[in-house]
Structure formats: C-alpha cells, structure tokens
$ cat model-v9.cif   # mmCIF, C-alpha atoms and all ligand atoms
data_run
loop_
_atom_site.label_atom_id
_atom_site.label_comp_id
_atom_site.auth_asym_id
_atom_site.auth_seq_id
_atom_site.Cartn_x
_atom_site.Cartn_y
_atom_site.Cartn_z
CA MET A 1 -10.47 -38.19 27.33
CA ILE A 2 -10.44 -34.53 28.35
CA PRO A 3 -6.75 -33.57 28.26
CA PHE A 4 -5.19 -31.43 30.97
CA LEU A 5 -3.86 -29.16 28.23
CA ASP A 6 -4.17 -29.30 24.44
CA LEU A 7 -1.10 -27.70 22.86
CA ARG A 8 -2.01 -28.86 19.38
CA ALA A 9 -5.36 -27.08 19.56
CA ALA A 10 -3.52 -23.85 20.40
CA TYR A 11 -1.30 -24.28 17.33
CA LEU A 12 -4.19 -25.15 15.02
CA GLU A 13 -6.14 -22.04 16.06
CA LEU A 14 -3.26 -19.86 14.79
CA LYS A 15 -1.84 -22.23 12.19
CA THR A 16 -1.95 -19.88 9.21
CA GLU A 17 -0.29 -17.01 11.08
CA ILE A 18 2.32 -19.25 12.73
CA ASP A 19 3.21 -21.05 9.50
CA THR A 20 3.64 -17.68 7.76
CA ALA A 21 5.89 -16.39 10.54
CA VAL A 22 8.03 -19.53 10.51
CA ALA A 23 8.36 -19.37 6.71
CA ARG A 24 9.44 -15.72 7.01
CA VAL A 25 12.35 -16.74 9.28
CA LEU A 26 13.32 -19.69 7.09
CA ASP A 27 13.35 -17.41 4.04
CA SER A 28 15.35 -14.69 5.79
CA GLY A 29 18.54 -16.75 6.06
CA TRP A 30 19.04 -15.30 9.57
CA TYR A 31 18.90 -18.00 12.27
CA ILE A 32 20.56 -16.58 15.42
CA LEU A 33 19.36 -13.38 17.17
CA GLY A 34 18.70 -10.65 14.57
CA PRO A 35 15.58 -8.69 13.60
CA GLU A 36 12.96 -11.22 14.71
CA VAL A 37 14.40 -11.44 18.25
CA ASP A 38 14.84 -7.64 18.40
CA ALA A 39 11.20 -7.15 17.40
CA PHE A 40 9.90 -9.65 19.94
CA GLU A 41 12.01 -8.10 22.69
CA ALA A 42 10.60 -4.65 21.91
CA GLU A 43 7.01 -5.94 21.85
CA TRP A 44 7.41 -8.00 25.04
CA ALA A 45 8.91 -5.05 26.92
CA VAL A 46 5.95 -2.86 25.94
CA TYR A 47 3.48 -5.57 26.94
CA CYS A 48 5.14 -5.95 30.34
CA GLY A 49 5.37 -2.21 30.96
CA ALA A 50 9.16 -2.55 31.23
CA ASP A 51 11.90 -0.47 29.60
CA HIS A 52 13.92 -3.51 28.46
CA ALA A 53 13.44 -7.16 27.49
CA VAL A 54 16.22 -9.64 26.67
CA GLY A 55 15.34 -12.93 24.95
CA LEU A 56 16.97 -16.08 26.33
CA ALA A 57 17.01 -19.82 25.74
CA ASN A 58 14.66 -20.82 28.59
CA GLY A 59 13.20 -19.76 31.92
CA LEU A 60 15.84 -21.42 34.10
CA ASP A 61 18.54 -19.47 32.27
CA ALA A 62 16.52 -16.28 32.78
CA LEU A 63 16.68 -16.83 36.55
CA ILE A 64 20.37 -17.79 36.49
CA LEU A 65 21.43 -14.83 34.34
CA ALA A 66 19.32 -12.41 36.40
CA LEU A 67 21.17 -13.57 39.54
CA ARG A 68 24.53 -13.38 37.75
CA ALA A 69 23.73 -9.85 36.54
CA LEU A 70 23.21 -8.93 40.21
CA ASP A 71 26.60 -10.53 41.10
CA VAL A 72 24.94 -13.12 43.36
CA GLY A 73 27.31 -15.99 44.08
CA PRO A 74 28.97 -18.15 46.72
CA GLY A 75 28.35 -16.98 50.28
CA ASP A 76 25.12 -15.21 49.32
CA GLU A 77 21.61 -16.19 50.37
CA VAL A 78 18.50 -15.85 48.22
CA ILE A 79 15.03 -16.10 49.75
CA VAL A 80 12.80 -18.41 47.71
CA PRO A 81 9.33 -19.90 48.23
CA SER A 82 9.22 -23.37 49.81
CA ASN A 83 6.24 -24.04 47.53
CA THR A 84 7.45 -23.65 43.94
CA TYR A 85 8.75 -25.47 40.91
CA ILE A 86 12.30 -26.62 41.62
CA ALA A 87 13.74 -24.35 38.87
CA THR A 88 13.48 -21.40 41.27
CA TRP A 89 15.84 -23.12 43.72
CA LEU A 90 18.09 -24.60 41.01
CA ALA A 91 18.89 -21.13 39.64
CA VAL A 92 20.13 -20.04 43.07
CA SER A 93 22.22 -23.19 43.45
CA ALA A 94 23.59 -22.80 39.90
CA VAL A 95 25.26 -19.48 40.79
CA GLY A 96 26.72 -21.01 43.97
CA ALA A 97 24.38 -19.19 46.36
CA MET A 98 22.13 -20.71 49.04
CA PRO A 99 18.35 -20.93 48.60
CA VAL A 100 16.60 -19.96 51.86
CA PRO A 101 13.01 -21.25 51.73
CA VAL A 102 10.06 -19.32 53.15
CA GLU A 103 6.65 -20.91 53.61
CA PRO A 104 3.53 -19.82 51.68
CA ASP A 105 0.37 -18.07 52.72
CA PRO A 106 -1.86 -21.19 52.76
CA THR A 107 -4.76 -19.30 51.18
CA THR A 108 -2.81 -18.12 48.09
CA HIS A 109 0.00 -20.77 48.03
CA ASN A 110 2.41 -17.88 47.25
CA ILE A 111 5.34 -16.83 49.47
CA ASP A 112 4.02 -15.26 52.71
CA PRO A 113 5.51 -11.75 53.02
CA ALA A 114 4.91 -11.84 56.79
CA ARG A 115 7.45 -14.69 57.08
CA ILE A 116 10.19 -13.13 54.93
CA ALA A 117 11.73 -10.71 57.44
CA ASP A 118 12.55 -13.57 59.85
CA ALA A 119 14.54 -15.32 57.10
CA VAL A 120 16.72 -12.29 56.26
CA THR A 121 20.33 -12.57 57.47
CA PRO A 122 23.43 -10.42 56.82
CA ARG A 123 24.14 -12.74 53.86
CA THR A 124 20.77 -12.23 52.16
CA ARG A 125 21.14 -10.51 48.78
CA VAL A 126 17.89 -11.18 46.89
CA LEU A 127 14.19 -11.86 47.47
CA LEU A 128 12.91 -14.20 44.75
CA PRO A 129 9.10 -14.42 44.81
CA VAL A 130 7.24 -16.64 42.33
CA HIS A 131 3.87 -15.70 40.84
CA LEU A 132 2.72 -19.29 41.22
CA TYR A 133 -0.13 -20.61 39.04
CA GLY A 134 -0.27 -17.11 37.48
CA GLN A 135 -1.47 -15.62 40.78
CA PRO A 136 0.60 -12.50 41.50
CA ALA A 137 2.64 -12.59 44.70
CA ASP A 138 1.93 -9.80 47.19
CA MET A 139 4.62 -7.45 45.84
CA ASP A 140 4.20 -4.28 47.97
CA PRO A 141 5.30 -5.81 51.30
CA ILE A 142 8.04 -7.75 49.47
CA LEU A 143 9.40 -4.56 47.87
CA GLU A 144 9.15 -2.81 51.26
CA ILE A 145 11.25 -5.49 53.00
CA ALA A 146 13.77 -5.33 50.14
CA ARG A 147 14.07 -1.55 50.49
CA ALA A 148 14.44 -1.76 54.27
CA HIS A 149 17.30 -4.30 54.01
CA GLY A 150 18.93 -3.11 50.78
CA LEU A 151 18.05 -6.28 48.86
CA ALA A 152 17.31 -6.83 45.17
CA VAL A 153 14.02 -8.36 44.02
CA VAL A 154 14.05 -10.97 41.23
CA GLU A 155 10.62 -12.23 40.16
CA ASP A 156 9.97 -15.70 38.78
CA ALA A 157 7.11 -14.88 36.41
CA ALA A 158 7.32 -18.11 34.39
CA GLN A 159 3.61 -18.76 35.03
CA ALA A 160 2.34 -15.17 35.07
CA HIS A 161 2.24 -13.72 31.53
CA GLY A 162 -0.39 -10.97 31.66
CA ALA A 163 -1.16 -11.26 35.38
CA ARG A 164 -1.72 -7.93 37.15
CA TYR A 165 -0.92 -6.81 40.70
CA LYS A 166 -3.02 -3.87 41.89
CA GLY A 167 -3.82 -3.12 38.24
CA GLN A 168 -0.21 -3.14 37.01
CA THR A 169 0.97 -5.89 34.67
CA ILE A 170 3.66 -8.16 36.09
CA GLY A 171 6.95 -7.31 34.40
CA ALA A 172 8.74 -4.51 36.24
CA HIS A 173 7.77 -4.46 39.93
CA GLY A 174 11.11 -5.84 41.12
CA ASP A 175 14.62 -5.19 39.82
CA ILE A 176 14.35 -7.90 37.16
CA VAL A 177 11.59 -10.29 36.09
CA CYS A 178 12.21 -13.77 34.63
CA TRP A 179 10.03 -15.42 32.00
CA SER A 180 9.71 -18.86 30.45
CA PHE A 181 8.09 -19.51 27.06
CA TYR A 182 8.05 -23.29 27.52
CA PRO A 183 5.22 -24.58 25.26
CA GLY A 184 2.74 -25.12 28.10
CA LYS A 185 3.10 -21.61 29.57
CA ASN A 186 0.46 -18.95 28.92
CA LEU A 187 2.72 -17.44 26.25
CA GLY A 188 4.38 -20.56 24.90
CA ALA A 189 6.82 -21.13 22.06
CA LEU A 190 7.06 -24.29 19.94
CA GLY A 191 10.15 -25.32 21.87
CA ASP A 192 12.18 -23.68 24.63
CA GLY A 193 12.37 -19.94 25.17
CA GLY A 194 12.79 -17.38 27.94
CA ALA A 195 13.42 -13.70 28.69
CA VAL A 196 14.02 -11.13 31.37
CA THR A 197 12.29 -7.76 31.61
CA THR A 198 13.56 -4.85 33.68
CA ASN A 199 13.55 -1.08 34.02
CA ARG A 200 17.26 -1.16 34.92
CA ALA A 201 19.43 -0.53 31.85
CA ASP A 202 22.50 -1.85 33.70
CA LEU A 203 20.88 -5.25 34.34
CA ALA A 204 19.47 -5.54 30.80
CA ASP A 205 22.92 -4.80 29.42
CA ARG A 206 24.63 -7.38 31.64
CA VAL A 207 22.14 -10.13 30.75
CA ARG A 208 22.49 -9.26 27.04
CA VAL A 209 26.27 -9.71 27.26
CA LEU A 210 26.07 -12.85 29.44
CA ARG A 211 23.66 -14.63 27.07
CA ASN A 212 26.10 -14.34 24.16
CA TYR A 213 29.43 -15.70 25.46
CA GLY A 214 30.08 -12.54 27.46
CA SER A 215 30.50 -10.75 24.17
CA ARG A 216 29.19 -7.42 22.91
CA GLU A 217 31.41 -7.43 19.85
CA LYS A 218 32.17 -10.72 18.06
CA TYR A 219 35.35 -12.38 19.40
CA VAL A 220 35.72 -9.80 22.19
CA ASN A 221 34.73 -11.40 25.51
CA GLU A 222 34.29 -9.13 28.56
CA VAL A 223 33.00 -11.75 30.97
CA GLN A 224 32.62 -15.54 31.13
CA GLY A 225 29.19 -15.75 29.55
CA VAL A 226 27.08 -18.60 28.25
CA ASN A 227 25.14 -19.42 25.10
CA SER A 228 21.52 -18.70 26.02
CA ARG A 229 19.91 -16.90 23.08
CA LEU A 230 16.23 -16.86 22.17
CA ASP A 231 15.88 -18.59 18.79
CA PRO A 232 14.50 -16.34 15.99
CA LEU A 233 12.05 -19.09 14.94
CA GLN A 234 10.65 -19.09 18.47
CA ALA A 235 10.65 -15.27 18.56
CA ALA A 236 8.55 -15.23 15.38
CA VAL A 237 6.06 -17.70 16.88
CA LEU A 238 5.92 -15.71 20.12
CA ARG A 239 5.17 -12.50 18.20
CA VAL A 240 2.14 -14.19 16.63
CA LYS A 241 0.92 -15.52 19.96
CA LEU A 242 1.56 -12.29 21.88
CA ALA A 243 -1.06 -10.54 19.75
CA HIS A 244 -3.59 -13.08 21.10
CA LEU A 245 -2.38 -13.27 24.69
CA ASP A 246 -4.96 -10.95 26.24
CA ALA A 247 -7.84 -12.67 24.45
CA TRP A 248 -6.52 -16.06 25.54
CA THR A 249 -6.11 -14.87 29.13
CA ASP A 250 -9.74 -13.70 29.04
CA ARG A 251 -10.76 -17.19 27.99
CA ARG A 252 -8.75 -18.70 30.86
CA ARG A 253 -10.54 -16.27 33.17
CA ALA A 254 -13.89 -17.51 31.84
CA VAL A 255 -12.85 -21.13 32.49
CA ALA A 256 -11.83 -20.21 36.05
CA ALA A 257 -15.13 -18.37 36.63
CA ALA A 258 -17.10 -21.39 35.37
CA TYR A 259 -15.11 -23.73 37.62
CA HIS A 260 -15.70 -21.46 40.60
CA ALA A 261 -19.45 -21.27 40.01
CA GLY A 262 -19.73 -24.99 39.31
CA LEU A 263 -17.54 -26.26 42.16
CA VAL A 264 -18.46 -23.88 44.97
CA ASP A 265 -20.46 -26.65 46.70
CA SER A 266 -18.10 -29.49 45.84
CA GLY A 267 -16.30 -29.53 49.18
CA LEU A 268 -12.98 -28.82 47.44
CA ILE A 269 -10.90 -25.84 48.57
CA LEU A 270 -11.03 -23.53 45.54
CA PRO A 271 -8.41 -20.91 44.58
CA HIS A 272 -8.49 -17.77 46.73
CA VAL A 273 -8.01 -14.54 44.76
CA PRO A 274 -7.13 -11.50 46.91
CA ASP A 275 -8.87 -8.31 45.78
CA TRP A 276 -5.57 -6.85 44.54
CA ALA A 277 -4.86 -9.81 42.29
CA ASP A 278 -5.78 -10.28 38.64
CA PRO A 279 -4.42 -13.78 37.94
CA ALA A 280 -3.37 -15.05 34.52
CA TRP A 281 -4.84 -18.49 35.42
CA HIS A 282 -1.90 -20.53 34.20
CA LEU A 283 -3.27 -23.23 36.51
CA TYR A 284 -6.56 -23.70 38.34
CA VAL A 285 -5.49 -25.49 41.52
CA VAL A 286 -7.92 -26.98 44.04
CA ARG A 287 -7.09 -28.66 47.36
CA ASN A 288 -8.43 -31.84 48.88
CA PRO A 289 -6.96 -34.03 51.65
CA ALA A 290 -8.02 -37.15 49.68
CA ARG A 291 -6.34 -35.84 46.53
CA ASP A 292 -4.80 -39.11 45.32
CA ALA A 293 -8.11 -41.01 45.41
CA LEU A 294 -9.89 -38.09 43.76
CA GLN A 295 -7.30 -37.91 40.97
CA ALA A 296 -7.51 -41.67 40.36
CA ARG A 297 -11.30 -41.53 40.00
CA LEU A 298 -11.08 -38.54 37.65
CA THR A 299 -8.56 -40.41 35.51
CA ASP A 300 -10.97 -43.35 35.34
CA ALA A 301 -13.73 -40.93 34.31
CA GLY A 302 -11.52 -39.55 31.51
CA VAL A 303 -10.60 -36.20 33.08
CA GLY A 304 -6.89 -35.35 32.85
CA THR A 305 -5.43 -33.60 35.90
CA LEU A 306 -1.88 -32.84 37.06
CA ILE A 307 -0.18 -32.12 40.38
CA HIS A 308 1.88 -28.93 40.67
CA TYR A 309 3.99 -30.15 42.40
CA PRO A 310 4.01 -33.64 43.97
CA ILE A 311 7.39 -33.32 45.74
CA PRO A 312 8.50 -29.95 47.13
CA PRO A 313 12.14 -28.95 46.47
CA HIS A 314 13.26 -29.55 50.07
CA MET A 315 12.11 -33.20 49.84
CA GLN A 316 13.88 -33.86 46.53
CA ALA A 317 17.04 -35.96 46.43
CA ALA A 318 18.63 -32.98 44.64
CA TYR A 319 18.43 -31.02 47.94
CA ALA A 320 19.15 -33.84 50.39
CA GLY A 321 22.42 -32.03 51.09
CA MET A 322 20.55 -29.19 52.79
CA GLY A 323 19.54 -31.61 55.53
CA LEU A 324 15.93 -30.43 55.72
CA ALA A 325 13.35 -32.85 57.16
CA PRO A 326 9.97 -33.04 55.39
CA ASP A 327 8.25 -31.27 58.28
CA ASP A 328 10.80 -28.47 58.47
CA LEU A 329 8.56 -26.86 55.82
CA PRO A 330 5.17 -28.31 56.78
CA LEU A 331 3.03 -26.09 54.56
CA ALA A 332 5.00 -26.94 51.42
CA ARG A 333 4.72 -30.60 52.34
CA GLN A 334 0.99 -30.40 53.02
CA LEU A 335 0.19 -28.53 49.79
CA ALA A 336 2.18 -31.07 47.77
CA GLY A 337 -0.10 -33.78 49.18
CA GLU A 338 -3.38 -31.94 48.57
CA VAL A 339 -3.19 -29.84 45.38
CA LEU A 340 -4.75 -30.86 42.09
CA SER A 341 -4.69 -28.86 38.84
CA LEU A 342 -7.84 -29.03 36.68
CA PRO A 343 -7.79 -29.01 32.88
CA MET A 344 -7.08 -25.41 31.86
CA GLY A 345 -6.42 -23.59 28.63
CA PRO A 346 -7.84 -21.05 26.18
CA GLN A 347 -8.98 -23.81 23.82
CA MET A 348 -11.30 -25.38 26.43
CA ALA A 349 -14.98 -24.74 25.99
CA LYS A 350 -17.42 -27.62 25.78
CA GLU A 351 -15.29 -29.70 28.17
CA ILE A 352 -15.78 -27.32 31.12
CA ASP A 353 -19.24 -28.55 32.11
CA LYS A 354 -18.15 -32.18 31.87
CA VAL A 355 -15.21 -31.55 34.20
CA ILE A 356 -17.51 -29.87 36.71
CA GLN A 357 -20.07 -32.71 36.55
CA HIS A 358 -17.39 -35.36 37.12
CA PHE A 359 -15.89 -33.46 40.04
CA ASN A 360 -19.25 -33.00 41.74
CA LYS A 361 -20.24 -36.61 41.21
CA ILE A 362 -16.93 -37.93 42.54
CA SER A 363 -16.65 -35.59 45.49
CA GLY A 364 -20.23 -36.42 46.50
CA ALA A 365 -21.68 -32.91 46.23
CA ARG A 366 -25.26 -32.37 45.15
C1 LIG A 401 8.45 -23.28 33.85
C2 LIG A 401 9.03 -22.68 35.08
C3 LIG A 401 10.39 -22.34 35.17
C4 LIG A 401 11.43 -22.77 34.17
O1 LIG A 401 11.19 -22.48 32.86
P1 LIG A 401 11.90 -23.33 31.69
O2 LIG A 401 11.67 -22.48 30.49
O3 LIG A 401 11.24 -24.65 31.63
O4 LIG A 401 13.36 -23.42 32.03
C5 LIG A 401 10.82 -21.66 36.29
N1 LIG A 401 9.98 -21.36 37.28
C6 LIG A 401 8.66 -21.68 37.26
C7 LIG A 401 7.80 -21.30 38.40
C8 LIG A 401 8.15 -22.37 36.15
O5 LIG A 401 6.86 -22.71 36.13
#

$ encode --input "model-v9.cif" --output "structure tokens"
Amino acid sequence: MIPFLDLRAAYLELKTEIDTAVARVLDSGWYILGPEVDAFEAEWAVYCGADHAVGLANGLDALILALRALDVGPGDEVIVPSNTYIATWLAVSAVGAMPVPVEPDPTTHNIDPARIADAVTPRTRVLLPVHLYGQPADMDPILEIARAHGLAVVEDAAQAHGARYKGQTIGAHGDIVCWSFYPGKNLGALGDGGAVTTNRADLADRVRVLRNYGSREKYVNEVQGVNSRLDPLQAAVLRVKLAHLDAWTDRRRAVAAAYHAGLVDSGLILPHVPDWADPAWHLYVVRNPARDALQARLTDAGVGTLIHYPIPPHMQAAYAGMGLAPDDLPLARQLAGEVLSLPMGPQMAKEIDKVIQHFNKISGAR
C-alpha cells in the first residue's frame, strides 16, 4: 500500500534531532511557555518575514484569536471562501460573526478576488482568504479591496508554510496570518500546535494576552481570555523541523513536478499554478468528474488518496441554519464532487512512478 502520507517516515528521518530536543525540554523542568516557545516564535517570525509570531494551541484557535484581536463579533460579517476546510468558517462563527462565502476561481480553487467586492456590505469587517493546498491566494487584489473598504485581512495559512506570493513568503501580507502545526501540515508538530504572525505590534500583543487567560501578569486579568498556549515540547519539535522545512518543500516541489510530467496526458485536470505563485504543495489536487470510481480503483490498486474536502461547509449540518441550498454555491459543490488528492510528502520517492503508472492505467491514458 502506498500511503497518502507517512508521518512516521518524517519522524524517523529526524529521529535523533527530535529525541534530543524532546529530552532537552523534559530535563528543563519547564513545561508551559518559556524559553523553547520564545525561541520558536522568534525563528518562525524570521522565517515568515514578519515582525511578530505568537505560539498557540492549534490553527482553529489562531483564527479565532486573530478575529478577537480585531474586535470582530456579533453583527459583523467576514468574507470567507466557499471552498475551504470548515475551520475557516467555524472561527468566524465562534466569535459570533457571520461567515459570508465567496466562490473560488475554478482554475486555482482559491477565493476569486473578482467576486469579493459584490459580497462586501456595510457590516463587512474582514476578508479571510485561505491559501488552499499551499497555493497562495491572489493577495494584491484582496489587499486592494480591503484598503478601498477599510477592512482587515486575516489569512488562513494553515496549509501554506513556505509558500510564496510574487516572491514574498506568506506570513505578513495581510494584517494577521494564522498557522496550524497539526502533524500532517507541511510544518507539523507531534500533536496540536498553531501560531499567528503579524507586522502589527498591537495585534501580536492582544493575541499574546488572549492566549493566556487574558493575563499579562499572573493573576491580573485584563480581558476574558482563553488557554491556548503552544506547548514547549511541540515548540522544540517544530524548531528541529523548521530547519528542514525549505529542503522538504523542495522535495514536495519535485513530487509535484514528477506528477505533472507523468500525468499531463492522463485526462485529469491537473493543478494550475499562476506565474506569481510558488506553492508549498501541501496537497497535489487533481479533478475528474468520475472521481469516486477513480478513487475506488486506486484504492484497489493500493494507492492511498484523500478528498479535500468531500462536503463543503455550506452543505454541512453544522451550517444548515444559514439556509443555503447546495447550488447556492455551485462551484464549491462541484469541486467537492471532483477533487482528489494524490499521495504527497517529502518522504515520497520510489512511490512516485508507481502512483503515476496506476493513474494512467486506470484513467485509460497511453
Ligand atoms: C488544518 C487547517 C485548519 C485548522 O488547524 P488545526 O490546527 O487543526 O486547528 C484551519 N484551516 C485550514 C485551511 C486547515 O487546513
């Protein structure tokens, strides 16, 4: 079986370094925040080209605390992609605001900037693009619309560690950028983790206070915060992996290039990369109208694939209350029925050719 993703292989490649880092934290006697988290925050900020990074418990919390830092709440609207992981919408709902979905550009699957202006109302406070699959969203027109309407920009970069937009690393294009270090992400911890990066000192400071019970000084609580701290054990693991992130992204790029060359005649719709985009290749997503049959035959052939995502947020029971019909967002619905994610990861090598052969055989290409 060729797995969709092999997390154990990623650990084993760095086992000595990771075990040493974990032992260092265990020996330190310091298990909440502290020097390991401070060091990771400093290194992650530099990597992202941002002035500040704040480590958090997970990516959903990063989105929620970013919105709270911007004082987004009941009565406010936040523009989100119709085609995204549901966490993007859930963060908006969690602060009491209303997610307002905008359909994707069908060639990139990312939010279509040309459709955003029509969705802006007097209640809109934030534009929340997602760099889906590690493909950067088209930030310049998004930032332009935000400027024109006086809106903040929050980026969901949970899949985009190391992606670049027009040569600049994702991490500080908008007001605040939200990260997940879930194990399967391009920079993944050995458990949950998250962060925000930003050039705005005011927002970094607010998130820092919110993540720790609204407290700057122990037992003095300025605001009603939460407990959402990055664990020092995870920070130590992330510091090890960060040193390898660019090399691992290069390997993902090589896998994507091999897929492109090998599948160009397969009849599948392959990922479209605009010339301004340098994707991090979190996922390699193809499209096919007969996706379900294709996936079943690949499973039989021993090739592990996944669907990101089979049910779009507006068709989930969780959002039945919004009263949206499936075809109110037809592109999100169509993509959910056609997308298929191929095995992808920096530890793939000899499996690549096998995946390509199976795909071509099954899809009937030469
Ligand atoms: C993974 C992910 C999140 C949530 O991250 P967690 O750390 O799992 O909370 C949010 N948005 C997107 C697009 C993601 O892929």

$ residues_around --input "model-v9.cif" --residues "Cys178 (chain A)" --least-positions-apart "5" --cutoff "12 Å" --atoms "only C-alpha atoms" --output "ChimeraX atom specification"
/A:48,53-67,87-88,91,128-131,153-161,170-173,193-198,204,207

$ write_last_selection --input "model-v9.cif" --atoms "C-alpha atoms" --output "compact mmCIF listing (two decimals), in the coordinates of the input"
# COMPACT_ATOMS: atom_id res chain seq x y z
CA CYS A 48 5.14 -5.95 30.34
CA ALA A 53 13.44 -7.16 27.49
CA VAL A 54 16.22 -9.64 26.67
CA GLY A 55 15.34 -12.93 24.95
CA LEU A 56 16.97 -16.08 26.33
CA ALA A 57 17.01 -19.82 25.74
CA ASN A 58 14.66 -20.82 28.59
CA GLY A 59 13.20 -19.76 31.92
CA LEU A 60 15.84 -21.42 34.10
CA ASP A 61 18.54 -19.47 32.27
CA ALA A 62 16.52 -16.28 32.78
CA LEU A 63 16.68 -16.83 36.55
CA ILE A 64 20.37 -17.79 36.49
CA LEU A 65 21.43 -14.83 34.34
CA ALA A 66 19.32 -12.41 36.40
CA LEU A 67 21.17 -13.57 39.54
CA ALA A 87 13.74 -24.35 38.87
CA THR A 88 13.48 -21.40 41.27
CA ALA A 91 18.89 -21.13 39.64
CA LEU A 128 12.91 -14.20 44.75
CA PRO A 129 9.10 -14.42 44.81
CA VAL A 130 7.24 -16.64 42.33
CA HIS A 131 3.87 -15.70 40.84
CA VAL A 153 14.02 -8.36 44.02
CA VAL A 154 14.05 -10.97 41.23
CA GLU A 155 10.62 -12.23 40.16
CA ASP A 156 9.97 -15.70 38.78
CA ALA A 157 7.11 -14.88 36.41
CA ALA A 158 7.32 -18.11 34.39
CA GLN A 159 3.61 -18.76 35.03
CA ALA A 160 2.34 -15.17 35.07
CA HIS A 161 2.24 -13.72 31.53
CA ILE A 170 3.66 -8.16 36.09
CA GLY A 171 6.95 -7.31 34.40
CA ALA A 172 8.74 -4.51 36.24
CA HIS A 173 7.77 -4.46 39.93
CA GLY A 193 12.37 -19.94 25.17
CA GLY A 194 12.79 -17.38 27.94
CA ALA A 195 13.42 -13.70 28.69
CA VAL A 196 14.02 -11.13 31.37
CA THR A 197 12.29 -7.76 31.61
CA THR A 198 13.56 -4.85 33.68
CA ALA A 204 19.47 -5.54 30.80
CA VAL A 207 22.14 -10.13 30.75

$ closest_residue --input "model-v9.cif" --among "A:Thr249, A:Asn199, A:Thr108, A:Gln224" --to "Arg211 (chain A)" --atoms "all atoms listed in the file"
A:Gln224

$ residues_around --input "model-v9.cif" --residues "Glu103 (chain A)" --least-positions-apart "2" --cutoff "12 Å" --atoms "all atoms listed in the file" --output "PyMOL selection string"
chain A and resi 79-84+100-101+105-116+118-119+129+312+314+327-335

$ write_last_selection --input "model-v9.cif" --atoms "C-alpha atoms" --output "mmCIF file, in the frame of the given file"
data_model
loop_
_atom_site.group_PDB
_atom_site.id
_atom_site.type_symbol
_atom_site.label_atom_id
_atom_site.label_comp_id
_atom_site.auth_asym_id
_atom_site.auth_seq_id
_atom_site.Cartn_x
_atom_site.Cartn_y
_atom_site.Cartn_z
ATOM 1 C CA ILE A 79 15.030 -16.100 49.750
ATOM 2 C CA VAL A 80 12.800 -18.410 47.710
ATOM 3 C CA PRO A 81 9.330 -19.900 48.230
ATOM 4 C CA SER A 82 9.220 -23.370 49.810
ATOM 5 C CA ASN A 83 6.240 -24.040 47.530
ATOM 6 C CA THR A 84 7.450 -23.650 43.940
ATOM 7 C CA VAL A 100 16.600 -19.960 51.860
ATOM 8 C CA PRO A 101 13.010 -21.250 51.730
ATOM 9 C CA ASP A 105 0.370 -18.070 52.720
ATOM 10 C CA PRO A 106 -1.860 -21.190 52.760
ATOM 11 C CA THR A 107 -4.760 -19.300 51.180
ATOM 12 C CA THR A 108 -2.810 -18.120 48.090
ATOM 13 C CA HIS A 109 0.000 -20.770 48.030
ATOM 14 C CA ASN A 110 2.410 -17.880 47.250
ATOM 15 C CA ILE A 111 5.340 -16.830 49.470
ATOM 16 C CA ASP A 112 4.020 -15.260 52.710
ATOM 17 C CA PRO A 113 5.510 -11.750 53.020
ATOM 18 C CA ALA A 114 4.910 -11.840 56.790
ATOM 19 C CA ARG A 115 7.450 -14.690 57.080
ATOM 20 C CA ILE A 116 10.190 -13.130 54.930
ATOM 21 C CA ASP A 118 12.550 -13.570 59.850
ATOM 22 C CA ALA A 119 14.540 -15.320 57.100
ATOM 23 C CA PRO A 129 9.100 -14.420 44.810
ATOM 24 C CA PRO A 312 8.500 -29.950 47.130
ATOM 25 C CA HIS A 314 13.260 -29.550 50.070
ATOM 26 C CA ASP A 327 8.250 -31.270 58.280
ATOM 27 C CA ASP A 328 10.800 -28.470 58.470
ATOM 28 C CA LEU A 329 8.560 -26.860 55.820
ATOM 29 C CA PRO A 330 5.170 -28.310 56.780
ATOM 30 C CA LEU A 331 3.030 -26.090 54.560
ATOM 31 C CA ALA A 332 5.000 -26.940 51.420
ATOM 32 C CA ARG A 333 4.720 -30.600 52.340
ATOM 33 C CA GLN A 334 0.990 -30.400 53.020
ATOM 34 C CA LEU A 335 0.190 -28.530 49.790
#

$ atom_distance --input "model-v9.cif" --atom1 "CA of Tyr133 (chain A)" --atom2 "CA of Leu233 (chain A)"
27.0 Å

$ atom_distance --input "model-v9.cif" --atom1 "CA of Pro346 (chain A)" --atom2 "CA of Ile2 (chain A)"
13.9 Å

$ closest_residue --input "model-v9.cif" --among "A:Glu338, A:Glu43, A:Asp175, A:Asp6" --to "Leu294 (chain A)" --atoms "only C-alpha atoms"
A:Glu338

$ closest_residue --input "model-v9.cif" --among "A:Val95, A:Ala50, A:Leu187, A:Leu5" --to "Ala247 (chain A)" --atoms "all atoms listed in the file"
A:Leu187

$ closest_residue --input "model-v9.cif" --among "A:Asp265, A:Pro74, A:Leu340, A:Tyr309" --to "Ala296 (chain A)" --atoms "all atoms listed in the file"
A:Leu340

$ atom_distance --input "model-v9.cif" --atom1 "CA of Gly267 (chain A)" --atom2 "CA of Gln295 (chain A)"
14.8 Å

$ closest_residue --input "model-v9.cif" --among "A:Ser228, A:Ser215, A:Gln135, A:Gln168" --to "Asp192 (chain A)" --atoms "all atoms listed in the file"
A:Ser228

$ closest_residue --input "model-v9.cif" --among "A:Ala325, A:Ile307, A:Leu190, A:Ala277" --to "Val22 (chain A)" --atoms "all atoms listed in the file"
A:Leu190

$ residues_around --input "model-v9.cif" --residues "Ile356 (chain A)" --least-positions-apart "5" --cutoff "12 Å" --atoms "all atoms listed in the file" --output "list in words"
Ile2, Val255, Ala256, Ala257, Ala258, Tyr259, His260, Ala261, Gly262, Leu263, Val264, Asp265, Ser266, Leu268, Leu298, Ala301, Val303, Leu342, Pro343, Lys350, Glu351, Lys361, Ile362, Ser363, Ala365 and Arg366 of chain A

$ residues_around --input "model-v9.cif" --residues "Arg216 (chain A)" --least-positions-apart "5" --cutoff "12 Å" --atoms "only C-alpha atoms" --output "MDAnalysis selection string"
chainID A and resid 205:211 221:223 225

$ residues_around --input "model-v9.cif" --residues "Tyr31 (chain A)" --least-positions-apart "2" --cutoff "9 Å" --atoms "all atoms listed in the file" --output "count of residues only"
9
